[in-house]
Each structure stands twice: as C-alpha cells, then as structure tokens.
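Trainee: Supplied structure: final10.cif, mmCIF, C-alpha atoms (C1' of nucleotides).
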```cif
data_start
#
loop_
_atom_site.label_atom_id
_atom_site.label_comp_id
_atom_site.auth_asym_id
_atom_site.auth_seq_id
_atom_site.Cartn_x
_atom_site.Cartn_y
_atom_site.Cartn_z
CA MET A 24 118.75 104.18 124.20
CA THR A 25 117.36 104.30 120.83
CA ASP A 26 114.73 101.75 120.41
CA GLN A 27 112.14 104.43 120.16
CA VAL A 28 110.78 105.40 116.75
CA GLY A 29 109.01 108.63 117.38
CA GLY A 30 112.16 110.32 118.55
CA ALA A 31 113.02 113.97 118.15
CA GLY A 32 114.03 114.00 114.51
CA HIS A 33 115.55 117.38 113.89
CA ARG A 34 116.16 116.41 110.32
CA ALA A 35 114.28 117.64 107.27
CA ALA A 36 111.32 115.32 106.88
CA PRO A 37 111.14 113.42 103.59
CA VAL A 38 108.58 114.74 101.11
CA HIS A 39 105.92 112.21 100.16
CA THR A 40 103.30 112.16 97.45
CA ASP A 41 99.92 110.54 97.85
CA PRO A 42 99.67 107.72 95.29
CA ASP A 43 96.19 108.98 94.39
CA LYS A 44 97.77 112.16 93.06
CA VAL A 45 100.49 110.47 91.02
CA PRO A 46 100.17 110.85 87.23
CA LEU A 47 100.44 107.67 85.21
CA LEU A 48 103.51 108.92 83.38
CA THR A 49 105.27 109.60 86.66
CA ALA A 50 104.63 106.07 87.87
CA LEU A 51 105.79 104.45 84.64
CA SER A 52 108.89 106.63 84.43
CA ALA A 53 109.78 105.80 88.02
CA LEU A 54 109.61 102.08 87.26
CA ALA A 55 111.46 102.35 83.96
CA ASP A 56 114.86 102.14 85.63
CA PRO A 57 116.77 98.98 86.56
CA VAL A 58 118.06 100.31 89.87
CA ARG A 59 114.62 101.42 91.05
CA ILE A 60 113.06 98.15 89.96
CA GLN A 61 115.55 96.33 92.12
CA LEU A 62 114.90 98.63 95.05
CA VAL A 63 111.16 98.02 94.85
CA ARG A 64 111.64 94.28 94.58
CA GLU A 65 114.02 94.06 97.50
CA LEU A 66 111.70 96.23 99.51
CA ALA A 67 108.78 94.00 98.63
CA GLY A 68 110.67 91.05 100.04
CA SER A 69 111.23 92.71 103.41
CA ASP A 70 108.99 93.68 106.30
CA ASP A 71 107.88 97.29 106.58
CA TRP A 72 110.31 99.68 108.26
CA THR A 73 113.10 97.12 108.41
CA ARG A 74 115.25 98.38 105.55
CA SER A 75 117.40 101.48 105.73
CA CYS A 76 118.36 103.22 102.50
CA GLY A 77 121.94 102.01 102.64
CA SER A 78 120.95 98.38 103.08
CA PHE A 79 120.11 97.77 99.44
CA ASP A 80 122.41 95.92 97.12
CA VAL A 81 122.52 98.30 94.17
CA PRO A 82 125.59 99.27 92.16
CA VAL A 83 125.41 103.05 92.71
CA GLY A 84 126.87 105.53 95.14
CA LYS A 85 125.10 107.18 98.05
CA ALA A 86 124.14 110.31 96.14
CA ALA A 87 122.51 108.44 93.30
CA LEU A 88 120.78 106.15 95.75
CA SER A 89 119.31 109.12 97.59
CA HIS A 90 118.08 110.47 94.27
CA HIS A 91 116.35 107.19 93.41
CA PHE A 92 114.49 107.20 96.70
CA THR A 93 113.33 110.74 96.00
CA VAL A 94 111.89 109.54 92.70
CA LEU A 95 110.21 106.55 94.34
CA ARG A 96 108.62 108.80 96.97
CA ALA A 97 107.37 111.17 94.28
CA ALA A 98 105.80 108.23 92.49
CA GLY A 99 103.94 107.16 95.62
CA LEU A 100 105.82 103.88 95.76
CA VAL A 101 107.82 104.29 98.93
CA GLU A 102 107.26 105.83 102.34
CA GLN A 103 110.16 106.82 104.55
CA ARG A 104 110.56 107.52 108.22
CA ASP A 105 113.52 108.69 110.23
CA GLN A 106 114.67 106.28 112.84
CA GLY A 107 117.74 107.52 114.63
CA ALA A 108 120.52 108.08 112.17
CA LYS A 109 118.85 105.85 109.61
CA ARG A 110 115.94 106.40 107.29
CA VAL A 111 113.81 103.31 107.06
CA ASN A 112 111.51 102.41 104.20
CA ARG A 113 108.19 100.85 103.49
CA LEU A 114 106.63 99.82 100.17
CA ARG A 115 103.19 101.40 99.78
CA ARG A 116 101.66 98.21 98.44
CA GLU A 117 97.95 98.76 98.97
CA GLU A 118 97.85 102.47 98.25
CA PHE A 119 99.79 102.10 95.03
CA GLU A 120 97.74 99.07 94.06
CA ALA A 121 94.57 101.10 94.51
CA ARG A 122 95.89 103.79 92.19
CA PHE A 123 97.49 101.53 89.55
CA PRO A 124 95.89 98.10 89.86
CA GLY A 125 98.15 95.27 88.82
CA LEU A 126 101.22 97.33 88.14
CA LEU A 127 103.09 96.44 91.30
CA ASP A 128 102.11 92.81 91.02
CA LEU A 129 103.40 92.76 87.47
CA LEU A 130 106.72 94.15 88.59
CA LEU A 131 107.06 91.64 91.39
CA ARG A 132 105.86 88.65 89.39
CA THR A 133 108.07 89.19 86.36
CA ASP A 134 111.47 87.75 87.21
CA ASP A 135 113.11 89.23 84.18
CA VAL A 136 114.39 92.79 84.05
CA GLY A 137 116.21 93.82 80.94
CA MET B 10 92.98 98.44 41.97
CA THR B 11 94.37 98.47 45.39
CA ASP B 12 92.09 96.67 47.69
CA GLN B 13 94.49 93.83 48.00
CA VAL B 14 96.63 93.61 51.10
CA GLY B 15 99.19 90.98 50.26
CA GLY B 16 100.57 92.99 47.40
CA ALA B 17 104.13 92.96 46.19
CA GLY B 18 105.65 95.18 48.82
CA HIS B 19 109.08 96.07 47.58
CA ARG B 20 109.61 98.05 50.72
CA ALA B 21 111.77 97.09 53.68
CA ALA B 22 109.52 95.08 55.95
CA PRO B 23 109.09 96.46 59.47
CA VAL B 24 111.04 94.64 62.18
CA HIS B 25 108.85 93.14 64.88
CA THR B 26 109.63 91.65 68.26
CA ASP B 27 107.66 88.84 69.81
CA PRO B 28 106.10 90.16 73.05
CA ASP B 29 107.27 86.98 74.78
CA LYS B 30 110.85 88.07 74.23
CA VAL B 31 110.41 91.63 75.44
CA PRO B 32 112.25 92.49 78.69
CA LEU B 33 110.19 94.20 81.36
CA LEU B 34 112.38 97.28 81.28
CA THR B 35 111.85 97.63 77.55
CA ALA B 36 108.08 97.53 77.94
CA LEU B 37 108.03 100.06 80.78
CA SER B 38 110.41 102.40 78.98
CA ALA B 39 108.29 102.23 75.85
CA LEU B 40 105.19 103.24 77.79
CA ALA B 41 106.96 105.94 79.78
CA ASP B 42 106.43 108.54 77.08
CA PRO B 43 103.39 110.77 76.56
CA VAL B 44 103.39 110.51 72.78
CA ARG B 45 103.59 106.72 72.77
CA ILE B 46 100.89 106.46 75.44
CA GLN B 47 98.61 108.48 73.20
CA LEU B 48 99.46 106.35 70.18
CA VAL B 49 98.60 103.15 72.05
CA ARG B 50 95.35 104.60 73.34
CA GLU B 51 94.22 105.86 69.98
CA LEU B 52 95.15 102.54 68.47
CA ALA B 53 93.18 100.72 71.13
CA GLY B 54 90.10 102.70 70.14
CA SER B 55 90.32 101.69 66.50
CA ASP B 56 89.82 98.48 64.62
CA ASP B 57 92.88 96.48 63.60
CA TRP B 58 94.62 97.56 60.41
CA THR B 59 92.52 100.67 60.03
CA ARG B 60 95.01 103.27 61.18
CA SER B 61 97.98 104.41 59.15
CA CYS B 62 100.97 105.93 60.93
CA GLY B 63 100.16 109.43 59.79
CA SER B 64 96.58 109.27 61.02
CA PHE B 65 97.41 109.86 64.65
CA ASP B 66 96.90 113.19 66.32
CA VAL B 67 100.26 113.67 68.00
CA PRO B 68 102.28 116.88 68.17
CA VAL B 69 105.45 115.60 66.53
CA GLY B 70 106.88 115.52 63.03
CA LYS B 71 107.06 112.54 60.71
CA ALA B 72 110.59 111.56 61.70
CA ALA B 73 109.84 111.45 65.42
CA LEU B 74 106.60 109.61 64.76
CA SER B 75 108.42 106.95 62.79
CA HIS B 76 110.86 106.59 65.67
CA HIS B 77 108.05 106.10 68.17
CA PHE B 78 106.54 103.31 66.11
CA THR B 79 109.93 101.62 65.98
CA VAL B 80 110.01 101.69 69.78
CA LEU B 81 106.48 100.35 70.02
CA ARG B 82 107.30 97.50 67.68
CA ALA B 83 110.42 96.65 69.67
CA ALA B 84 108.30 96.53 72.82
CA GLY B 85 105.89 94.07 71.24
CA LEU B 86 103.03 96.54 71.46
CA VAL B 87 102.33 97.20 67.82
CA GLU B 88 102.30 95.20 64.62
CA GLN B 89 102.60 96.86 61.24
CA ARG B 90 101.79 95.84 57.73
CA ASP B 91 102.34 97.59 54.44
CA GLN B 92 99.19 98.36 52.56
CA GLY B 93 99.85 100.23 49.40
CA ALA B 94 101.62 103.45 50.16
CA LYS B 95 100.53 103.35 53.77
CA ARG B 96 101.70 101.36 56.74
CA VAL B 97 98.77 100.25 58.83
CA ASN B 98 98.86 99.31 62.49
CA ARG B 99 97.41 96.90 64.95
CA LEU B 100 97.66 96.83 68.73
CA ARG B 101 98.92 93.44 69.93
CA ARG B 102 96.39 93.27 72.73
CA GLU B 103 96.29 89.59 73.57
CA GLU B 104 99.95 88.82 73.00
CA PHE B 105 101.10 91.74 75.09
CA GLU B 106 98.53 90.95 77.75
CA ALA B 107 99.88 87.41 77.93
CA ARG B 108 103.40 88.68 78.50
CA PHE B 109 102.56 91.58 80.86
CA PRO B 110 99.15 90.87 82.39
CA GLY B 111 97.22 93.97 83.33
CA LEU B 112 99.68 96.48 81.98
CA LEU B 113 97.78 97.37 78.84
CA ASP B 114 94.47 97.45 80.68
CA LEU B 115 96.00 99.82 83.20
CA LEU B 116 97.15 102.13 80.47
CA LEU B 117 93.77 102.15 78.77
CA ARG B 118 91.74 102.44 81.94
CA THR B 119 93.67 105.32 83.48
CA ASP B 120 92.34 108.48 81.84
CA ASP B 121 95.09 110.61 83.29
CA VAL B 122 98.52 110.95 81.69
CA GLY B 123 100.93 113.37 83.26
"C1'" DC C 2 133.67 116.31 122.65
"C1'" DA C 3 135.53 113.37 118.90
"C1'" DA C 4 135.01 109.85 115.53
"C1'" DA C 5 132.22 106.95 112.74
"C1'" DC C 6 128.00 106.31 110.32
"C1'" DT C 7 123.77 107.64 107.51
"C1'" DG C 8 121.76 110.28 104.31
"C1'" DT C 9 121.09 114.92 101.76
"C1'" DA C 10 122.53 118.90 98.86
"C1'" DT C 11 125.32 120.80 95.27
"C1'" DG C 12 127.70 121.14 91.09
"C1'" DA C 13 129.74 118.84 87.26
"C1'" DT C 14 129.93 115.30 83.82
"C1'" DG C 15 128.39 112.13 80.41
"C1'" DA C 16 125.04 109.27 77.99
"C1'" DG C 17 120.72 108.61 76.15
"C1'" DC C 18 116.86 110.10 73.76
"C1'" DA C 19 113.17 112.95 71.72
"C1'" DT C 20 112.96 116.10 68.18
"C1'" DC C 21 113.65 118.37 63.76
"C1'" DG C 22 114.97 119.31 58.83
"C1'" DA C 23 116.23 117.46 54.70
"C1'" DA C 24 117.07 113.82 51.57
"C1'" DC C 25 115.56 109.45 49.91
"C1'" DA C 26 112.44 105.38 48.56
"C1'" DC C 27 108.17 103.62 47.49
"C1'" DT C 28 103.08 103.80 45.98
"C1'" DC C 29 99.23 105.53 43.74
"C1'" DG C 30 96.41 108.53 40.67
"C1'" DG C 31 96.15 111.19 36.56
"C1'" DC D 28 105.82 109.48 33.20
"C1'" DC D 29 104.99 112.97 36.73
"C1'" DG D 30 103.38 114.72 40.95
"C1'" DA D 31 101.35 114.11 45.42
"C1'" DG D 32 101.26 111.37 49.45
"C1'" DT D 33 103.44 108.18 53.00
"C1'" DG D 34 107.06 106.78 55.72
"C1'" DT D 35 112.18 105.85 56.70
"C1'" DT D 36 116.97 107.27 57.28
"C1'" DC D 37 120.57 110.38 58.45
"C1'" DG D 38 122.87 114.02 60.83
"C1'" DA D 39 122.54 117.53 64.15
"C1'" DT D 40 120.71 119.61 68.26
"C1'" DG D 41 119.08 120.22 72.82
"C1'" DC D 42 117.40 118.48 76.99
"C1'" DT D 43 116.62 115.23 80.52
"C1'" DC D 44 118.51 112.29 83.73
"C1'" DA D 45 121.65 108.92 86.05
"C1'" DT D 46 125.93 109.15 88.12
"C1'" DC D 47 129.88 110.75 90.81
"C1'" DA D 48 132.83 113.43 94.07
"C1'" DT D 49 132.67 116.52 97.52
"C1'" DA D 50 130.89 118.96 101.25
"C1'" DC D 51 127.49 119.25 104.79
"C1'" DA D 52 124.04 118.03 108.60
"C1'" DG D 53 122.25 115.04 112.06
"C1'" DT D 54 122.91 110.71 115.04
"C1'" DT D 55 125.15 107.40 117.74
"C1'" DT D 56 128.91 105.51 120.26
"C1'" DG D 57 133.27 105.75 122.71
#
```
Any chance you could give the structure as structure tokens?

Mentor:
Amino acid sequence: MTDQVGGAGHRAAPVHTDPDKVPLLTALSALADPVRIQLVRELAGSDDWTRSCGSFDVPVGKAALSHHFTVLRAAGLVEQRDQGAKRVNRLRREEFEARFPGLLDLLLRTDDVG
Amino acid sequence: MTDQVGGAGHRAAPVHTDPDKVPLLTALSALADPVRIQLVRELAGSDDWTRSCGSFDVPVGKAALSHHFTVLRAAGLVEQRDQGAKRVNRLRREEFEARFPGLLDLLLRTDDVG
DNA sequence: CAAACTGTATGATGAGCATCGAACACTCGG
DNA sequence: CCGAGTGTTCGATGCTCATCATACAGTTTG
C-alpha cells in the first residue's frame, strides 16, 4: 500500500526557501527562463500535490529538470514533498504573491513567452 | 545656443522597441540584472529627459553602460533622445505598465535587490 | 531479491552575456 | 580649429548557467 503521504521518506529532503527571504533579483532571474516559465504555468493549472517532477512537458533531460526545480525552490516559487518514489509539487501562490505582488499573476496572465 | 532639443542630430538615432511588442521573457531578462535594476530605479526618481546616460551611479564602464541601455530600450523600458552631445533618457512608465501591469511598480516598490 | 521507475549528484561541455580597453564619431566651448 | 566631454562600436576575456551523459540512491512491483 502506498496511498499514505507521510510515509518514511529516507530520502534527502528538498531544501526550500521562504518567499519572504527571497531577493528580488533571485525571483526575476528564476522567471527569466523559458523552461521555468512553462513549469510554473503548468503547475498553476494543476491542483496542489498532483504533479510529479517528471510529469511536465518540457524539452530537457532529467538532470536539467531537477536543476530547474532547485532554482524554483530557491526562489520560493515551488514547494516539494516526497510521496513514495515520486516528488510532488505545489505552486506557492499566496506566499509568493505576498512577497512579490502581481508578479505571478503577470506570468500567468501573459500568454506570450518569447 | 543649445537649449533647443530638436536640433540637427547627425548621430545614429537610438533603436527603440514598442513595449507592446516586447516578449515576456525579454522583459524579465532585462530586469534580471542588478545594474539595470538600479538604472530603472534611478530613472524612476528623476523627471523625464533630465538624466543623461553618464549621470547614473553604476559601477561599470562606459561600454557596459551603453550596452545596458541598449537592452533597456529593446525591452521597451527606456526611451532616449539626443540632446546636444548628451543622450537623455525617459522611463516609459505608462506604456510598459500597459504591457506588463504591476511589473514596474513591483520593481520600484521592492527596496531590496539581491 | 530483481527489475523498472523517479529523481539527485557529478563532471564536462557549450553558449550566452557582462565587462573592459581602445578606437571612433559627434557636440560644444573657447 | 582644437580640445574636452559624451556615447557607440569592436574585439577579447572571463564567468555564469543551461544542458547532457553517466552513475547513484531510494521506491515500488513482480
């Protein structure tokens, strides 16, 4: 059985950064990348904790993908949790909005990318 | 006499980009740099057409500074005009705000940088 | 336990970009 | 006309970062 979330989790826990402690430059740099923009947008269109890292449709390998999630965590944009073999994600909408008002909305409203 | 603005201007006119045609990624990349953030902020605290390129207190040489202004123009953030020997600047507040609502305000409100 | 799956860690590689120094073009004041 | 001031262009340099291939660790299923 593995419906349980709070399982053992012998894995190294992902390192998160509180959005309140994220410098502006860090946030802007994190969002100034087409792959990460797409990740955030796809995540925004899904329910919390429903998307594993590998479930995103981005044109990069596993290693690069893992790197992008590290950047998004450091920018206070994404929270991760281990669930069995997978690592599921959640967009930190409200917390990030409180730190950088309007930024996330701008990203999600603008349909263009570059 | 040199109070006139619309002088001859035998110089190569600066190339501008309409904010409406600026891709999101271009705007975010332009603002994801400490020097350019400072330029925009200083410009926001000055009246239009009162600041020449060399009047900004940034820790880079003339060549790099010129490059940064090129990036800011391409992002639809700054408009330039030749005035005698100097090139004076103006922050495109309203136009940029119309294209990316809240982004400029966020940059100017957040006192932190990185 | 073995095999398949998910994600991380480690180099290595390549591209982009921020920077500088120097040369050049233009403007203004004497 | 000459010199000082302003800004751009060019070439070179160095660094950051996005990416990949590979190896590794934990999890789940057979």

Trainee: Just say which residues the PyMOL selection byres ((chain A) within 10 of (chain D)) picks in this file, as a list in words.

Mentor: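 Applied to this file, the PyMOL selection byres ((chain A) within 10 of (chain D)) selects Met24, Thr25, Gly32, His33, Arg34, Ala35, Asp56, Val83, Gly84, Lys85, Ala86, Ala87, Leu88, His90, His91, Gln106, Gly107, Ala108 and Lys109 of chain A.
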
Trainee: Using the chain letters and numbers from this file, what does the PyMOL selection byres ((chain B) within 6 of (chain A)) select? Give the answer as a list of chain:residue names.

Mentor: B:Pro32, B:Leu33, B:Leu34, B:Leu37, B:Ser38, B:Ala41, B:Gly111, B:Val122, B:Gly123

Trainee: What's around Ala67 of chain A at 12 Å? Count only C-alpha atoms (C1' of nucleotides), leave out sequence neighbours fewer than 6 positions away in its own chain, and write the answer as a list in words.

Mentor: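 Close residues of Ala67 of chain A: Ile60, Gln61, Thr73, Arg74, Phe79, Leu100, Val101, Asn112, Arg113, Leu114, Arg115, Arg116, Glu117, Leu127, Asp128, Leu130, Leu131 and Arg132 of chain A.
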
Trainee: When you get a sec, could you note down which chain C residues fall within 12 Å of chain B, using all atoms listed in the file, as a ChimeraX atom specification?

Mentor: /C:18-23,26-30

Trainee: Would you mind reading off the distance between atom CA of Pro28 of chain B and atom CA of Arg59 of chain A, one decimal, in Å?

Mentor: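 One can read the atom CA of Pro28 of chain B to atom CA of Arg59 of chain A distance as 22.9 Å.
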